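> Encoded as structure tokens, here's the structure I'll be asking about.
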Amino acid sequence: MSESKKQQNNDLERRELLKGLATVPVFGLFLVELWRKIRKDTLKKSNILSGLVQEKSAPAIIKGLSDSKHLNIGVIGYGGRGGHLVRGAGFATTGWTNTVAENARKNKLDKQFQTFMDQEDLNCSLVGVCDLFDVRAEQGLDASQNEVRPGGKPKKTATRYRHYKDLLANDDIDAVIIATPDHWHSRITIDAAKAGKHVYCEKGLTRTFQEAIDVYDVVKETGITFQLGHQNRQVEANEKAKQIIEQGLLGKINLVELATNRNSPWGAWVWGIHPEGNAKTIDWDTFQEPAPNKIPFGEEALKRFFRWRCWFDYGTGLSGDLLSHDFDAINQIMDLGIPKYASSTGGIYFYKDGRDVPDVWNATFEYPDKDLTILYSATLSSNEPRGNRIMGHDATMQMGGQSGGGSVHGFIVTADSQSTQYKERLEQGIINSKYPIYTYSPGSKQIDGVTSATSKYFANKGLLYTYKDGKRVDATHLHIKDWLDSIRNGGQPKCNIEVALHEGVACHMATESYLTGRRIEWDPVNRKLI
Amino acid sequence: MNNLDSSIINNKCQLYGLVTLRVLIGWHFLYEGVSKLINPNWSSAAYLLDSKWIFSGLAETIVSNPILLTISDSVNQWGLTLVGVSLLLGLFSRYSALVGMGFVMLYYLFAPPFIGLEYSRPGEGSYIIVNKNLIEACALWVLYVFPTGHIIGLDRLLTKLKSN
């Protein structure tokens with residue numbers, strides 16, 4: 001082969017090779033650009049997070065305590081909430097288990113049944129049910145017998161008691177769940193504590209300020225284990241938020257904004273009147289016994305029995321029902337205690353249905369010693385999700401609501417454009433005040449179908465589900481478990497009487513202000529409202 | 001139609017156009033695949049949950065089954081990455097154009113931009129029937145019909161190795 005031929009062949013091969021590898025540099029360019037992007041993102045992330053958020057995972061659920069002692073439970077008030085609490089203890093009606101099992105079959109994303117069946121067996125029995133409405137009392141008995149439950153066949157079944165005092169007289173009962181309307185809370189809690197029963201009481205703590213003080217004193221004297229029904233105490237997001245605030249990432253906090261938005265008859269407590277509710281099936285006289293104003297049984301009484309949240313005779317409306325949750329959550333996150341001053345205004349602007357509690361209501365709480373104001377604003381005629389905002393000099397934490405970290409149960413932290421702490425990072429462009437510096441969005445890989453607007457409201461507030469180790473758990477179940485574990489090991493549950501008093505007094509201060517039209521001051525020495 | 005029409009081979013402008021199209025789509029696929037691989041929180045669930053029209057039932061089945069969801073996640077992450085590398089380098093690029101077309105058509109069919117179907121996921125714009133997925137699928141169809149890997153790409157070296 002001549003030299004020129006060889007040269008020609010070499011040229012050909014080189015050309016072949018060049019054509020074959022022509023796009024490899026583009027691939028190289030891609031890899032270089034990708035590496036640059038990853039490096040920049042990591043740097044950005046590490047700059048934002050390192051030295052800012054110390055990653056701490058929430059405490060895991062402690063198992064094993066349930067084995068130590070079998071507990072007998074009684075429930076007083078087996079309505080909607082009572083039913084949920086008892087399910088948290090592991091007992092659901094056959095109607096409920098059938099419905100949710102059927103829902104799960106129809107909609108594969110509906111995990112309610114699975115979440116219930118995956119609950120830990122809390123080693124307890126439902127042995128007493130007291131409700132003033134026969135239908136509900138029967139449902140309670142049914143729940144105590146239903147074998148479809150975590151842990152299988154119940155060890156014991158329940159007896160029905162017509163009056164709570166008869167239930168408390170049963171020495172076999174160790175602890176009671178109180179889920180009656182608020183006007184009964186203090187009497188039953190005090191009697192139960194005096195009878196040596198441990199108490200789980202639904203929020204709001206009591207109907208009046210003095211009742212809250214009385215409950216506190218009796219719980220302290222008797223030494224029973226008391227848990228107030230704020231299941232948000234079990235929510236991982238709140239623990240995480242607390243850590244972030246304790247680390248000072250938000251800087252000095254002077255204003256906290258809490259909000260309730262609902263826009264449905266259900267959300268405004270216009271609940272159905274049970275077709276079987278009548279003078280024979282409802283013990284109306286007992287129901288209204290502690291209420292300041294009494295009416296004879298009739299159509300109005302039926303409305304009041306099933307929609308009691310709409311009247312100050314039985315509860316405190318938005319204050320005890322919804323503000324109490326948000327107040328307790330912020331108290332959990334920031335350890336605020338009882339405010340010095342509270343004032344509130346509002347009115348009945350949408351639901352002119354005979355109720356006497358406001359449906360639009362705004363309250364402010366002042367903490368002069370903490371340089372802090374809490375602003376609570378509620379409406380029952382708009383579903384606009386405002387969420388809760390903790391506003392610091394350096395950053396704002398937005399929880400729940402529309403911008404809750406892109407997910408229910410979560411929160412986002414965004415730096416303030418005028419922040420001192422992040423000044424340099426903001427100037428260097430490492431932090432941009434338009435984008436979150438921290439996003440907490442648990443269960444983002446976990447899929448579930450929380451569908452209805454009301455479910456979403458509760459889930460946004462962290463009241464339905466929480467995530468533990470990436471798995472969805474019913475917060476109410478954890479709250480009941482926390483109470484039962486505390487009874488067994490003698491510790492204090494998360495929403496014990498100390499923090500319960502904070503919620504109770506704060507809410508009553510705001511209610512009192514609405515009713516009297518003046519600013520209310522808390523006198524911690526004499527434990528009085530001025 | 002295994003080889004390019006001679007008129008196209010002779011027309012370098014058309015050839016370069018096709019190669020550029022192949023490389024750009026390859027880049028797009030590769031980035032989509034790699035960005036999903038390196039994001040520990042990425043899941044196909046959000047896209048599937050928002051599915052409408054004929055495949056919404058299938059999407060629901062996949063999301064509700066952790067094993068199927070894991071498979072769906074892996075197929076997307078690795079499928080997009082491999083198709084991307086293949087198109088970019090021109091290696092088996094004819095087959096990957098077909099696979100890529102399948103991917104994009106599935107994305108299209110799982111969430112078609114038909115009037116009356118509303119998505120919670122933000123879209124890239126407002127379309128009627130035609131969207132960028134459909135256009136990319138058609139572009140991949142063109143790349144399948146007019147392969148270029150054996151002219152500019154590793155397929156060329158592969159063919160040569162085989163013939164030797």
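In the structure tokens, chains take the letters A, B, ... in the order shown, each chain's residues start at 1, and ligands count up from 1 in the order shown.
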Contacts of region 220-236 of chain A at 8 Å or less, counting only C-alpha atoms, minus same-chain residues fewer than 2 places along, as JSON, numbers by chain?
{"A": [58, 193, 194, 196, 197, 198, 199, 200, 201, 202, 203, 205, 216, 217, 218, 238, 239, 240, 325, 328, 329, 332, 461, 462, 463, 465, 466, 467, 468, 475, 476, 478, 479, 483, 486, 487, 490, 492, 493, 494, 495, 496, 497, 500]}
> Distance table requested - region 60-95 of chain B against region 99-123 of chain A, cut-off 12 Å, only C-alpha atoms: one row per qualifying residue with the closest atom pair and its distance in Å to one decimal, ordered by chain and rising residue number, as a tab-separated table.

residue	atom	partner	partner_atom	distance
B:Glu60	CA	A:Lys108	CA	7.2
B:Thr61	CA	A:Lys108	CA	7.1
B:Ile62	CA	A:Lys108	CA	9.8
B:Val63	CA	A:Leu109	CA	7.9
B:Ser64	CA	A:Lys108	CA	5.7
B:Asn65	CA	A:Lys108	CA	8.5
B:Pro66	CA	A:Leu109	CA	11.3
> For the selection you just gave me, I'd like the residues written to a file as a PDB file, in the first residue's frame, keeping N, CA, C and O atoms.

ATOM      1  N   GLU B  60     -54.483   5.695  39.305  1.00  0.00           N
ATOM      2  CA  GLU B  60     -54.881   5.509  40.704  1.00  0.00           C
ATOM      3  C   GLU B  60     -54.382   4.160  41.228  1.00  0.00           C
ATOM      4  O   GLU B  60     -53.901   4.047  42.351  1.00  0.00           O
ATOM      5  N   THR B  61     -54.505   3.133  40.379  1.00  0.00           N
ATOM      6  CA  THR B  61     -54.029   1.797  40.769  1.00  0.00           C
ATOM      7  C   THR B  61     -52.532   1.844  41.055  1.00  0.00           C
ATOM      8  O   THR B  61     -52.062   1.280  42.038  1.00  0.00           O
ATOM      9  N   ILE B  62     -51.790   2.528  40.189  1.00  0.00           N
ATOM     10  CA  ILE B  62     -50.332   2.592  40.375  1.00  0.00           C
ATOM     11  C   ILE B  62     -49.997   3.317  41.680  1.00  0.00           C
ATOM     12  O   ILE B  62     -49.211   2.828  42.489  1.00  0.00           O
ATOM     13  N   VAL B  63     -50.654   4.456  41.908  1.00  0.00           N
ATOM     14  CA  VAL B  63     -50.329   5.253  43.099  1.00  0.00           C
ATOM     15  C   VAL B  63     -50.677   4.510  44.384  1.00  0.00           C
ATOM     16  O   VAL B  63     -49.961   4.590  45.377  1.00  0.00           O
ATOM     17  N   SER B  64     -51.782   3.770  44.356  1.00  0.00           N
ATOM     18  CA  SER B  64     -52.219   3.124  45.601  1.00  0.00           C
ATOM     19  C   SER B  64     -51.428   1.862  45.908  1.00  0.00           C
ATOM     20  O   SER B  64     -51.550   1.316  46.986  1.00  0.00           O
ATOM     21  N   ASN B  65     -50.626   1.402  44.953  1.00  0.00           N
ATOM     22  CA  ASN B  65     -49.839   0.201  45.199  1.00  0.00           C
ATOM     23  C   ASN B  65     -48.357   0.586  45.295  1.00  0.00           C
ATOM     24  O   ASN B  65     -47.747   0.985  44.303  1.00  0.00           O
ATOM     25  N   PRO B  66     -47.775   0.468  46.495  1.00  0.00           N
ATOM     26  CA  PRO B  66     -46.389   0.926  46.686  1.00  0.00           C
ATOM     27  C   PRO B  66     -45.397   0.256  45.718  1.00  0.00           C
ATOM     28  O   PRO B  66     -44.450   0.902  45.264  1.00  0.00           O
TER      29      PRO B  66
END
> Quick one: residues within 12 Å of Ser86 (chain B), only C-alpha atoms counted, chain neighbours fewer than 2 positions away excluded, as number ranges by chain?
A: 23-24, 27; B: 22-30, 78-84, 88-100, 148-149, 153-155
> Create the file for the chosen residues now, containing N, CA and C atoms and written as a tab-separated table (two decimals), in the first residue's frame.

chain	number	residue	atom	x	y	z
A	23	THR	N	-21.12	14.00	18.72
A	23	THR	CA	-22.01	14.57	19.75
A	23	THR	C	-21.51	14.31	21.18
A	24	VAL	N	-20.37	13.57	21.29
A	24	VAL	CA	-19.86	13.28	22.65
A	24	VAL	C	-19.53	14.57	23.40
A	27	PHE	N	-22.44	15.76	25.18
A	27	PHE	CA	-22.69	14.97	26.39
A	27	PHE	C	-21.77	15.47	27.52
B	22	ARG	N	-32.19	15.74	17.45
B	22	ARG	CA	-31.94	14.54	18.25
B	22	ARG	C	-31.16	14.89	19.52
B	23	VAL	N	-30.13	15.70	19.36
B	23	VAL	CA	-29.28	16.07	20.51
B	23	VAL	C	-30.08	16.89	21.53
B	24	LEU	N	-30.88	17.81	21.04
B	24	LEU	CA	-31.65	18.66	21.97
B	24	LEU	C	-32.68	17.84	22.75
B	25	ILE	N	-33.37	16.96	22.02
B	25	ILE	CA	-34.37	16.13	22.73
B	25	ILE	C	-33.65	15.19	23.70
B	26	GLY	N	-32.49	14.69	23.28
B	26	GLY	CA	-31.70	13.82	24.16
B	26	GLY	C	-31.31	14.56	25.43
B	27	TRP	N	-30.86	15.79	25.26
B	27	TRP	CA	-30.49	16.63	26.42
B	27	TRP	C	-31.69	16.78	27.36
B	28	HIS	N	-32.83	17.08	26.77
B	28	HIS	CA	-34.05	17.27	27.56
B	28	HIS	C	-34.39	16.00	28.36
B	29	PHE	N	-34.39	14.87	27.68
B	29	PHE	CA	-34.69	13.59	28.35
B	29	PHE	C	-33.68	13.32	29.46
B	30	LEU	N	-32.41	13.51	29.13
B	30	LEU	CA	-31.35	13.21	30.09
B	30	LEU	C	-31.52	14.07	31.34
B	78	TRP	N	-34.96	6.01	35.23
B	78	TRP	CA	-33.91	5.37	34.41
B	78	TRP	C	-34.26	5.40	32.93
B	79	GLY	N	-35.54	5.24	32.62
B	79	GLY	CA	-35.96	5.26	31.21
B	79	GLY	C	-35.61	6.58	30.56
B	80	LEU	N	-35.97	7.67	31.23
B	80	LEU	CA	-35.70	9.00	30.66
B	80	LEU	C	-34.19	9.22	30.52
B	81	THR	N	-33.44	8.79	31.54
B	81	THR	CA	-31.98	8.98	31.52
B	81	THR	C	-31.36	8.21	30.35
B	82	LEU	N	-31.74	6.94	30.20
B	82	LEU	CA	-31.13	6.10	29.16
B	82	LEU	C	-31.52	6.58	27.77
B	83	VAL	N	-32.79	6.94	27.61
B	83	VAL	CA	-33.23	7.46	26.31
B	83	VAL	C	-32.44	8.74	26.00
B	84	GLY	N	-32.26	9.57	27.03
B	84	GLY	CA	-31.52	10.81	26.84
B	84	GLY	C	-30.10	10.57	26.38
B	88	LEU	N	-28.59	11.51	22.72
B	88	LEU	CA	-27.49	12.48	22.71
B	88	LEU	C	-26.27	11.92	22.00
B	89	LEU	N	-25.93	10.66	22.32
B	89	LEU	CA	-24.73	10.08	21.74
B	89	LEU	C	-24.99	9.40	20.39
B	90	GLY	N	-26.25	9.22	20.06
B	90	GLY	CA	-26.56	8.55	18.79
B	90	GLY	C	-26.27	7.06	18.86
B	91	LEU	N	-26.50	6.46	20.02
B	91	LEU	CA	-26.28	5.03	20.19
B	91	LEU	C	-27.64	4.34	20.33
B	92	PHE	N	-27.91	3.41	19.42
B	92	PHE	CA	-29.25	2.78	19.34
B	92	PHE	C	-30.33	3.87	19.30
B	93	SER	N	-30.03	4.96	18.68
B	93	SER	CA	-30.90	6.12	18.80
B	93	SER	C	-32.24	5.93	18.11
B	94	ARG	N	-32.28	5.01	17.12
B	94	ARG	CA	-33.55	4.79	16.43
B	94	ARG	C	-34.57	4.16	17.39
B	95	TYR	N	-34.06	3.17	18.17
B	95	TYR	CA	-34.97	2.50	19.12
B	95	TYR	C	-35.34	3.44	20.25
B	96	SER	N	-34.36	4.21	20.70
B	96	SER	CA	-34.66	5.09	21.83
B	96	SER	C	-35.63	6.19	21.41
B	97	ALA	N	-35.60	6.56	20.11
B	97	ALA	CA	-36.58	7.55	19.65
B	97	ALA	C	-37.99	6.98	19.81
B	98	LEU	N	-38.10	5.68	19.51
B	98	LEU	CA	-39.40	5.02	19.62
B	98	LEU	C	-39.83	4.92	21.11
B	99	VAL	N	-38.88	4.50	21.96
B	99	VAL	CA	-39.18	4.39	23.40
B	99	VAL	C	-39.53	5.77	23.96
B	100	GLY	N	-38.74	6.76	23.57
B	100	GLY	CA	-38.97	8.13	24.03
B	100	GLY	C	-40.35	8.61	23.62
B	148	THR	N	-30.39	9.20	12.45
B	148	THR	CA	-29.14	9.86	12.09
B	148	THR	C	-27.94	9.30	12.86
B	149	GLY	N	-28.22	8.43	13.83
B	149	GLY	CA	-27.15	7.90	14.68
B	149	GLY	C	-26.07	7.20	13.87
B	153	GLY	N	-22.92	9.86	15.09
B	153	GLY	CA	-23.28	9.25	16.36
B	153	GLY	C	-22.56	7.93	16.53
B	154	LEU	N	-22.66	7.36	17.73
B	154	LEU	CA	-21.92	6.13	18.03
B	154	LEU	C	-22.41	4.95	17.20
B	155	ASP	N	-23.64	5.02	16.71
B	155	ASP	CA	-24.15	3.96	15.86
B	155	ASP	C	-23.26	3.78	14.62
> Would you mind reading off the distance between CA of Leu34 (chain A) and CA of Thr70 (chain B), one decimal, in Å?
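Interatomic distance, CA of Leu34 (chain A) to CA of Thr70 (chain B): 25.0 Å.
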> At a cut-off of 12 Å, using only C-alpha atoms, what residues contact region 376-378 of chain A? Leave out same-chain residues fewer than 4 positions from it and give the result as an MDAnalysis selection string.
chainID A and resid 255:263 267:268 317:319 321:327 330 342:348 358:366 382:390 506:507 510
> Give the strand (DSSP E or B) residues of region 217-409 of chain A, as assigned by DSSP on the backbone, as a ChimeraX atom specification.
/A:226-228,253-261,282,341-347,360-367,372-379,388-392,395-399
